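The next block is work05.pdb, given as PDB, C-alpha atoms, pLDDT in the B column.
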```pdb
ATOM      1  CA  MET A1049      -1.751   4.469  -8.879  1.00 86.00           C
ATOM      2  CA  GLU A1050       1.650   6.126  -8.937  1.00 92.00           C
ATOM      3  CA  ILE A1051       2.715   7.480  -5.585  1.00 96.00           C
ATOM      4  CA  SER A1052       5.640   9.435  -4.234  1.00 96.00           C
ATOM      5  CA  LEU A1053       7.093  10.180  -0.811  1.00 96.00           C
ATOM      6  CA  ASN A1054       7.682  13.776   0.186  1.00 95.00           C
ATOM      7  CA  LEU A1055       9.284  14.960   3.397  1.00 96.00           C
ATOM      8  CA  LEU A1056       6.915  16.926   5.599  1.00 97.00           C
ATOM      9  CA  ARG A1057       7.139  20.721   5.185  1.00 97.00           C
ATOM     10  CA  GLU A1058       5.643  23.734   6.935  1.00 97.00           C
ATOM     11  CA  VAL A1059       3.327  24.411   3.968  1.00 97.00           C
ATOM     12  CA  ASP A1060       1.743  20.959   4.304  1.00 97.00           C
ATOM     13  CA  ALA A1061       0.003  21.760   7.597  1.00 96.00           C
ATOM     14  CA  GLU A1062      -3.476  22.654   6.318  1.00 96.00           C
ATOM     15  CA  VAL A1063      -3.853  19.797   3.831  1.00 96.00           C
ATOM     16  CA  LEU A1064      -2.411  17.333   6.338  1.00 97.00           C
ATOM     17  CA  PHE A1065      -4.840  18.528   9.022  1.00 97.00           C
ATOM     18  CA  LYS A1066      -7.698  17.991   6.576  1.00 97.00           C
ATOM     19  CA  PHE A1067      -6.427  14.487   5.697  1.00 96.00           C
ATOM     20  CA  GLU A1068      -6.047  13.508   9.365  1.00 94.00           C
ATOM     21  CA  SER A1069      -9.443  14.948  10.328  1.00 93.00           C
ATOM     22  CA  GLU A1070     -11.307  13.307   7.445  1.00 94.00           C
ATOM     23  CA  ASN A1071      -9.754   9.916   8.224  1.00 93.00           C
ATOM     24  CA  ARG A1072      -9.875  10.027  12.017  1.00 92.00           C
ATOM     25  CA  TRP A1073     -12.846   7.636  12.230  1.00 86.00           C
ATOM     26  CA  PHE A1074     -11.021   5.142  10.028  1.00 87.00           C
ATOM     27  CA  PHE A1075      -7.614   5.314  11.729  1.00 86.00           C
ATOM     28  CA  GLU A1076      -9.137   4.953  15.181  1.00 80.00           C
ATOM     29  CA  LYS A1077     -10.636   1.605  14.197  1.00 75.00           C
ATOM     30  CA  MET A1078      -7.139   0.090  14.188  1.00 69.00           C
ATOM     31  CA  VAL A1079      -4.856   2.286  16.304  1.00 71.00           C
ATOM     32  CA  PRO A1080      -5.366   4.130  19.578  1.00 70.00           C
ATOM     33  CA  SER A1081      -6.705   7.674  19.211  1.00 73.00           C
ATOM     34  CA  ARG A1082      -4.359  10.633  19.193  1.00 82.00           C
ATOM     35  CA  GLY A1083      -6.938  12.436  21.338  1.00 79.00           C
ATOM     36  CA  ASP A1084      -9.423  15.212  20.637  1.00 84.00           C
ATOM     37  CA  ASP A1085      -6.807  17.940  21.044  1.00 84.00           C
ATOM     38  CA  TYR A1086      -4.896  16.624  18.008  1.00 84.00           C
ATOM     39  CA  TYR A1087      -7.920  17.485  15.862  1.00 88.00           C
ATOM     40  CA  THR A1088      -8.127  21.156  16.819  1.00 92.00           C
ATOM     41  CA  PHE A1089      -6.300  23.253  14.241  1.00 95.00           C
ATOM     42  CA  ASN A1090      -4.189  25.329  16.659  1.00 94.00           C
ATOM     43  CA  ALA A1091      -2.984  22.262  18.552  1.00 94.00           C
ATOM     44  CA  PHE A1092      -2.318  20.505  15.254  1.00 95.00           C
ATOM     45  CA  ILE A1093      -0.213  23.432  14.004  1.00 96.00           C
ATOM     46  CA  ARG A1094       1.857  23.402  17.218  1.00 95.00           C
ATOM     47  CA  ARG A1095       2.406  19.654  16.867  1.00 94.00           C
ATOM     48  CA  HIS A1096       3.250  20.053  13.174  1.00 97.00           C
ATOM     49  CA  ARG A1097       5.984  22.570  14.006  1.00 97.00           C
ATOM     50  CA  GLU A1098       7.369  20.258  16.703  1.00 97.00           C
ATOM     51  CA  LEU A1099       7.571  17.449  14.162  1.00 96.00           C
ATOM     52  CA  LEU A1100       9.435  19.696  11.725  1.00 98.00           C
ATOM     53  CA  LYS A1101      11.986  20.569  14.438  1.00 98.00           C
ATOM     54  CA  GLU A1102      12.407  16.877  15.225  1.00 96.00           C
ATOM     55  CA  GLN A1103      12.922  16.158  11.517  1.00 96.00           C
ATOM     56  CA  GLU A1104      15.456  18.994  11.203  1.00 96.00           C
ATOM     57  CA  LYS A1105      17.503  17.392  14.008  1.00 95.00           C
ATOM     58  CA  GLY A1106      17.395  13.989  12.279  1.00 93.00           C
ATOM     59  CA  LEU A1107      15.454  12.390  15.129  1.00 94.00           C
ATOM     60  CA  SER A1108      12.525  11.467  12.871  1.00 95.00           C
ATOM     61  CA  TYR A1109      11.525  11.691   9.230  1.00 95.00           C
ATOM     62  CA  PHE A1110       7.904  12.301   8.305  1.00 96.00           C
ATOM     63  CA  TYR A1111       6.809  11.530   4.761  1.00 97.00           C
ATOM     64  CA  LEU A1112       3.558  12.306   3.018  1.00 98.00           C
ATOM     65  CA  ILE A1113       2.428   9.723   0.510  1.00 98.00           C
ATOM     66  CA  THR A1114       0.967  11.600  -2.441  1.00 97.00           C
ATOM     67  CA  ASN A1115      -0.702  10.429  -5.619  1.00 96.00           C
ATOM     68  CA  ASP A1116       0.186  11.661  -9.107  1.00 92.00           C
ATOM     69  CA  ALA A1117      -2.186  14.631  -8.618  1.00 93.00           C
ATOM     70  CA  GLY A1118      -0.271  15.664  -5.476  1.00 93.00           C
ATOM     71  CA  LYS A1119      -3.089  14.718  -3.080  1.00 96.00           C
ATOM     72  CA  ILE A1120      -2.165  13.185   0.282  1.00 97.00           C
ATOM     73  CA  VAL A1121      -3.233   9.532   0.359  1.00 97.00           C
ATOM     74  CA  GLY A1122      -1.246   8.460   3.406  1.00 96.00           C
ATOM     75  CA  ARG A1123       1.799   8.898   5.611  1.00 95.00           C
ATOM     76  CA  VAL A1124       4.897   6.914   6.500  1.00 96.00           C
ATOM     77  CA  ASN A1125       7.181   7.969   9.325  1.00 94.00           C
ATOM     78  CA  LEU A1126      10.548   6.915  10.701  1.00 95.00           C
ATOM     79  CA  VAL A1127      10.544   8.010  14.331  1.00 95.00           C
ATOM     80  CA  ASP A1128      12.577   7.762  17.517  1.00 95.00           C
ATOM     81  CA  ILE A1129      15.786   7.373  15.533  1.00 95.00           C
ATOM     82  CA  ASP A1130      18.569   6.169  17.812  1.00 94.00           C
ATOM     83  CA  LYS A1131      21.674   7.485  16.039  1.00 90.00           C
ATOM     84  CA  GLU A1132      24.051   5.549  18.281  1.00 92.00           C
ATOM     85  CA  ASP A1133      22.512   2.127  17.595  1.00 91.00           C
ATOM     86  CA  ASN A1134      21.069   3.106  14.170  1.00 92.00           C
ATOM     87  CA  ILE A1135      17.579   1.884  15.013  1.00 95.00           C
ATOM     88  CA  ALA A1136      14.247   3.556  14.267  1.00 96.00           C
ATOM     89  CA  ASP A1137      10.541   2.840  14.592  1.00 97.00           C
ATOM     90  CA  ILE A1138       8.150   2.980  11.669  1.00 97.00           C
ATOM     91  CA  GLY A1139       4.554   4.048  11.412  1.00 92.00           C
ATOM     92  CA  PHE A1140       2.309   4.366   8.399  1.00 92.00           C
ATOM     93  CA  ARG A1141      -1.307   5.029   7.564  1.00 91.00           C
ATOM     94  CA  VAL A1142      -3.328   5.143   4.369  1.00 94.00           C
ATOM     95  CA  GLY A1143      -6.546   7.128   4.005  1.00 93.00           C
ATOM     96  CA  ALA A1144      -9.849   5.236   4.021  1.00 93.00           C
ATOM     97  CA  THR A1145     -10.663   5.789   0.331  1.00 94.00           C
ATOM     98  CA  TYR A1146      -7.237   4.495  -0.724  1.00 92.00           C
ATOM     99  CA  VAL A1147      -7.132   1.245   1.239  1.00 90.00           C
ATOM    100  CA  GLY A1148      -6.735  -1.947  -0.763  1.00 90.00           C
ATOM    101  CA  GLN A1149      -4.790  -0.304  -3.603  1.00 93.00           C
ATOM    102  CA  GLY A1150      -1.319  -1.377  -2.446  1.00 94.00           C
ATOM    103  CA  ILE A1151      -0.349   2.138  -1.391  1.00 95.00           C
ATOM    104  CA  GLY A1152       1.051   1.167   2.015  1.00 94.00           C
ATOM    105  CA  ASN A1153       3.132  -1.554   0.410  1.00 95.00           C
ATOM    106  CA  GLN A1154       4.440   0.780  -2.334  1.00 96.00           C
ATOM    107  CA  ALA A1155       5.237   3.540   0.160  1.00 96.00           C
ATOM    108  CA  LEU A1156       7.161   1.264   2.492  1.00 96.00           C
ATOM    109  CA  LYS A1157       9.022  -0.226  -0.462  1.00 95.00           C
ATOM    110  CA  LEU A1158       9.996   3.283  -1.642  1.00 95.00           C
ATOM    111  CA  LEU A1159      11.143   4.249   1.846  1.00 95.00           C
ATOM    112  CA  LEU A1160      13.283   1.139   2.256  1.00 94.00           C
ATOM    113  CA  LYS A1161      14.963   1.813  -1.111  1.00 90.00           C
ATOM    114  CA  THR A1162      16.152   5.243   0.027  1.00 84.00           C
ATOM    115  CA  ASP A1163      19.607   5.640   1.481  1.00 72.00           C
ATOM    116  CA  LEU A1164      18.611   4.748   5.020  1.00 78.00           C
ATOM    117  CA  SER A1165      21.257   5.243   7.641  1.00 83.00           C
ATOM    118  CA  VAL A1166      19.517   2.918  10.076  1.00 91.00           C
ATOM    119  CA  ARG A1167      20.566  -0.654  10.674  1.00 93.00           C
ATOM    120  CA  GLN A1168      17.170  -1.820  11.930  1.00 96.00           C
ATOM    121  CA  ILE A1169      13.576  -0.626  11.863  1.00 97.00           C
ATOM    122  CA  ARG A1170      11.040  -1.760  14.427  1.00 97.00           C
ATOM    123  CA  GLY A1171       7.368  -2.023  13.528  1.00 97.00           C
ATOM    124  CA  LYS A1172       4.365  -2.409  15.802  1.00 94.00           C
ATOM    125  CA  THR A1173       0.730  -2.986  14.981  1.00 91.00           C
ATOM    126  CA  THR A1174      -2.343  -4.435  16.608  1.00 88.00           C
ATOM    127  CA  THR A1175      -3.574  -7.993  16.198  1.00 87.00           C
ATOM    128  CA  VAL A1176      -6.668  -6.671  14.373  1.00 84.00           C
ATOM    129  CA  ASN A1177      -4.697  -4.661  11.810  1.00 86.00           C
ATOM    130  CA  HIS A1178      -4.085  -7.443   9.294  1.00 88.00           C
ATOM    131  CA  ALA A1179      -3.410  -5.007   6.444  1.00 88.00           C
ATOM    132  CA  SER A1180      -0.440  -3.459   8.277  1.00 91.00           C
ATOM    133  CA  GLN A1181       0.874  -6.892   9.176  1.00 95.00           C
ATOM    134  CA  LYS A1182       0.791  -7.881   5.486  1.00 95.00           C
ATOM    135  CA  VAL A1183       2.538  -4.661   4.405  1.00 95.00           C
ATOM    136  CA  LEU A1184       5.334  -5.181   6.937  1.00 97.00           C
ATOM    137  CA  GLU A1185       5.815  -8.844   6.020  1.00 97.00           C
ATOM    138  CA  LYS A1186       5.781  -8.156   2.248  1.00 96.00           C
ATOM    139  CA  ASN A1187       8.617  -5.689   2.798  1.00 96.00           C
ATOM    140  CA  GLY A1188      10.916  -8.021   4.708  1.00 96.00           C
ATOM    141  CA  PHE A1189       9.892  -7.284   8.286  1.00 97.00           C
ATOM    142  CA  LYS A1190      10.026 -10.374  10.497  1.00 98.00           C
ATOM    143  CA  LYS A1191       7.492 -10.937  13.232  1.00 97.00           C
ATOM    144  CA  ILE A1192       9.472 -11.039  16.480  1.00 97.00           C
ATOM    145  CA  GLY A1193       6.755 -11.276  19.109  1.00 95.00           C
ATOM    146  CA  MET A1194       3.551 -10.118  20.688  1.00 92.00           C
ATOM    147  CA  SER A1195       2.833  -8.200  23.853  1.00 91.00           C
ATOM    148  CA  GLU A1196       1.519 -10.239  26.718  1.00 88.00           C
ATOM    149  CA  GLU A1197      -0.961  -7.607  27.841  1.00 88.00           C
ATOM    150  CA  GLU A1198      -4.293  -7.335  26.126  1.00 81.00           C
ATOM    151  CA  PHE A1199      -6.160  -4.061  25.835  1.00 80.00           C
ATOM    152  CA  GLU A1200      -9.600  -3.129  24.641  1.00 77.00           C
ATOM    153  CA  MET A1201     -10.145  -0.757  21.770  1.00 70.00           C
ATOM    154  CA  ASN A1202     -13.476  -0.234  20.036  1.00 70.00           C
ATOM    155  CA  TRP A1203     -15.005  -2.976  22.173  1.00 79.00           C
ATOM    156  CA  GLU A1204     -12.495  -5.538  20.922  1.00 77.00           C
ATOM    157  CA  MET A1205      -9.646  -7.155  22.823  1.00 84.00           C
ATOM    158  CA  MET A1206      -6.245  -7.038  21.131  1.00 83.00           C
ATOM    159  CA  THR A1207      -2.515  -7.014  21.723  1.00 87.00           C
ATOM    160  CA  PHE A1208       0.445  -5.481  19.932  1.00 90.00           C
ATOM    161  CA  VAL A1209       2.422  -7.436  17.339  1.00 95.00           C
ATOM    162  CA  TYR A1210       6.115  -6.520  16.974  1.00 97.00           C
ATOM    163  CA  TYR A1211       8.226  -6.659  13.799  1.00 97.00           C
ATOM    164  CA  LEU A1212      11.849  -6.034  12.870  1.00 97.00           C
ATOM    165  CA  TRP A1213      13.534  -5.161   9.548  1.00 96.00           C
ATOM    166  CA  GLU A1214      17.279  -5.325   9.082  1.00 94.00           C
ATOM    167  CA  ASN A1215      19.111  -3.195   6.544  1.00 89.00           C
ATOM    168  CA  GLU A1216      21.131  -5.715   4.548  1.00 79.00           C
ATOM    169  CA  LYS A1217      23.275  -2.954   3.036  1.00 72.00           C
ATOM    170  CA  LEU A1218      24.503  -1.818   6.457  1.00 65.00           C
ATOM    171  CA  LEU A1219      24.804  -5.333   7.840  1.00 58.00           C
ATOM    172  CA  CYS A1220      27.095  -6.295   4.946  1.00 57.00           C
ATOM    173  CA  LYS A1221      29.310  -3.238   5.561  1.00 54.00           C
ATOM    174  CA  LYS A1222      29.815  -4.229   9.206  1.00 50.00           C
ATOM    175  CA  GLU A1223      31.148  -7.693   8.344  1.00 46.00           C
TER
END
```
Could I get this file's structure written as structure tokens?
Amino acid sequence: MEISLNLLREVDAEVLFKFESENRWFFEKMVPSRGDDYYTFNAFIRRHRELLKEQEKGLSYFYLITNDAGKIVGRVNLVDIDKEDNIADIGFRVGATYVGQGIGNQALKLLLKTDLSVRQIRGKTTTVNHASQKVLEKNGFKKIGMSEEEFEMNWEMMTFVYYLWENEKLLCKKE
């Protein structure tokens, strides 16, 4: 499947809400819930507008992963961009019906090929989310540690696994 990355826009709110709502059950198997309020349309719209303001300021970039028919199949986000140290955090999710098709891997690869102004990207996933771990590792993220504290989610104990990617293009320029 051919995919593309598209920066989040105001007009995406309704289809994104539908995507998030339809996949809530699936996402919450692997990551902590965003809470019930996130899945009420008015609260979602407020949050959507906040994200757009954050993106406008260059503090985060929110991408929709779309297939060749223009349907949302996932998301990939660069968030908490520290402009002084050129570091950001990454998050991504692929809809339940699209898992196992290499979409997360393709999307992250596309993102990393863009003209990123960050020197490093931090990734974090749970010990049970093996698919995300594989996607990060396939794209050059190095495992740098695990949290010491365990937590329970969906009746399973887990911890966070931390990753780091370094932008070779920017590292070479510094030397």
Residue neighbourhood Gly1083 in chain A, 12 Å, only C-alpha atoms, exclusion window fewer than 3 positions, as a list in words
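Within the cut-off, the hits are Ser1069, Arg1072, Trp1073, Phe1075, Glu1076, Val1079, Pro1080, Tyr1086, Tyr1087, Thr1088, Ala1091 and Phe1092 of chain A.
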Once the PyMOL selection byres ((chain A and resi 1049) around 8) has been applied to the shown file, what residues remain in the selection, as a list in words?
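The output of the PyMOL selection byres ((chain A and resi 1049) around 8) on this file is Glu1050, Ile1051, Asn1115, Asp1116, Gln1149 and Ile1151 of chain A.
Of note, CA of Asp1128 in chain A and CA of Gly1171 in chain A are spaced 11.8 Å apart.
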Residues near Leu1184 in chain A, anyone? I mean within 12 Å using only C-alpha atoms, not counting same-chain ones fewer than 6 positions away, as a PyMOL selection string.
chain A and resi 1138-1140+1152-1157+1160+1169-1173+1177-1178+1190-1192+1209-1213
Any chance you could export the current selection's C-alpha atoms as a PDB file, in the frame of the given file?
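Output contents, as saved in result-v6.pdb:
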```
ATOM      1  CA  ILE A1138       8.150   2.980  11.669  1.00 97.00           C
ATOM      2  CA  GLY A1139       4.554   4.048  11.412  1.00 92.00           C
ATOM      3  CA  PHE A1140       2.309   4.366   8.399  1.00 92.00           C
ATOM      4  CA  GLY A1152       1.051   1.167   2.015  1.00 94.00           C
ATOM      5  CA  ASN A1153       3.132  -1.554   0.410  1.00 95.00           C
ATOM      6  CA  GLN A1154       4.440   0.780  -2.334  1.00 96.00           C
ATOM      7  CA  ALA A1155       5.237   3.540   0.160  1.00 96.00           C
ATOM      8  CA  LEU A1156       7.161   1.264   2.492  1.00 96.00           C
ATOM      9  CA  LYS A1157       9.022  -0.226  -0.462  1.00 95.00           C
ATOM     10  CA  LEU A1160      13.283   1.139   2.256  1.00 94.00           C
ATOM     11  CA  ILE A1169      13.576  -0.626  11.863  1.00 97.00           C
ATOM     12  CA  ARG A1170      11.040  -1.760  14.427  1.00 97.00           C
ATOM     13  CA  GLY A1171       7.368  -2.023  13.528  1.00 97.00           C
ATOM     14  CA  LYS A1172       4.365  -2.409  15.802  1.00 94.00           C
ATOM     15  CA  THR A1173       0.730  -2.986  14.981  1.00 91.00           C
ATOM     16  CA  ASN A1177      -4.697  -4.661  11.810  1.00 86.00           C
ATOM     17  CA  HIS A1178      -4.085  -7.443   9.294  1.00 88.00           C
ATOM     18  CA  LYS A1190      10.026 -10.374  10.497  1.00 98.00           C
ATOM     19  CA  LYS A1191       7.492 -10.937  13.232  1.00 97.00           C
ATOM     20  CA  ILE A1192       9.472 -11.039  16.480  1.00 97.00           C
ATOM     21  CA  VAL A1209       2.422  -7.436  17.339  1.00 95.00           C
ATOM     22  CA  TYR A1210       6.115  -6.520  16.974  1.00 97.00           C
ATOM     23  CA  TYR A1211       8.226  -6.659  13.799  1.00 97.00           C
ATOM     24  CA  LEU A1212      11.849  -6.034  12.870  1.00 97.00           C
ATOM     25  CA  TRP A1213      13.534  -5.161   9.548  1.00 96.00           C
TER      26      TRP A1213
END
```
When you draw a straight line from CA of Val1059 in chain A to CA of Ala1117 in chain A, how long is it in Å?
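Separation between CA of Val1059 in chain A and CA of Ala1117 in chain A: 16.9 Å.
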Computed interatomic separation between CA of Thr1162 in chain A and CA of Lys1217 in chain A (Å)
11.3 Å
I'd like to know which of A:Lys1182, A:Lys1161, A:Trp1203, A:Val1127 is closest to Lys1105 in chain A, using only C-alpha atoms.
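Answer, going by the shortest atom-to-atom distance: A:Val1127.
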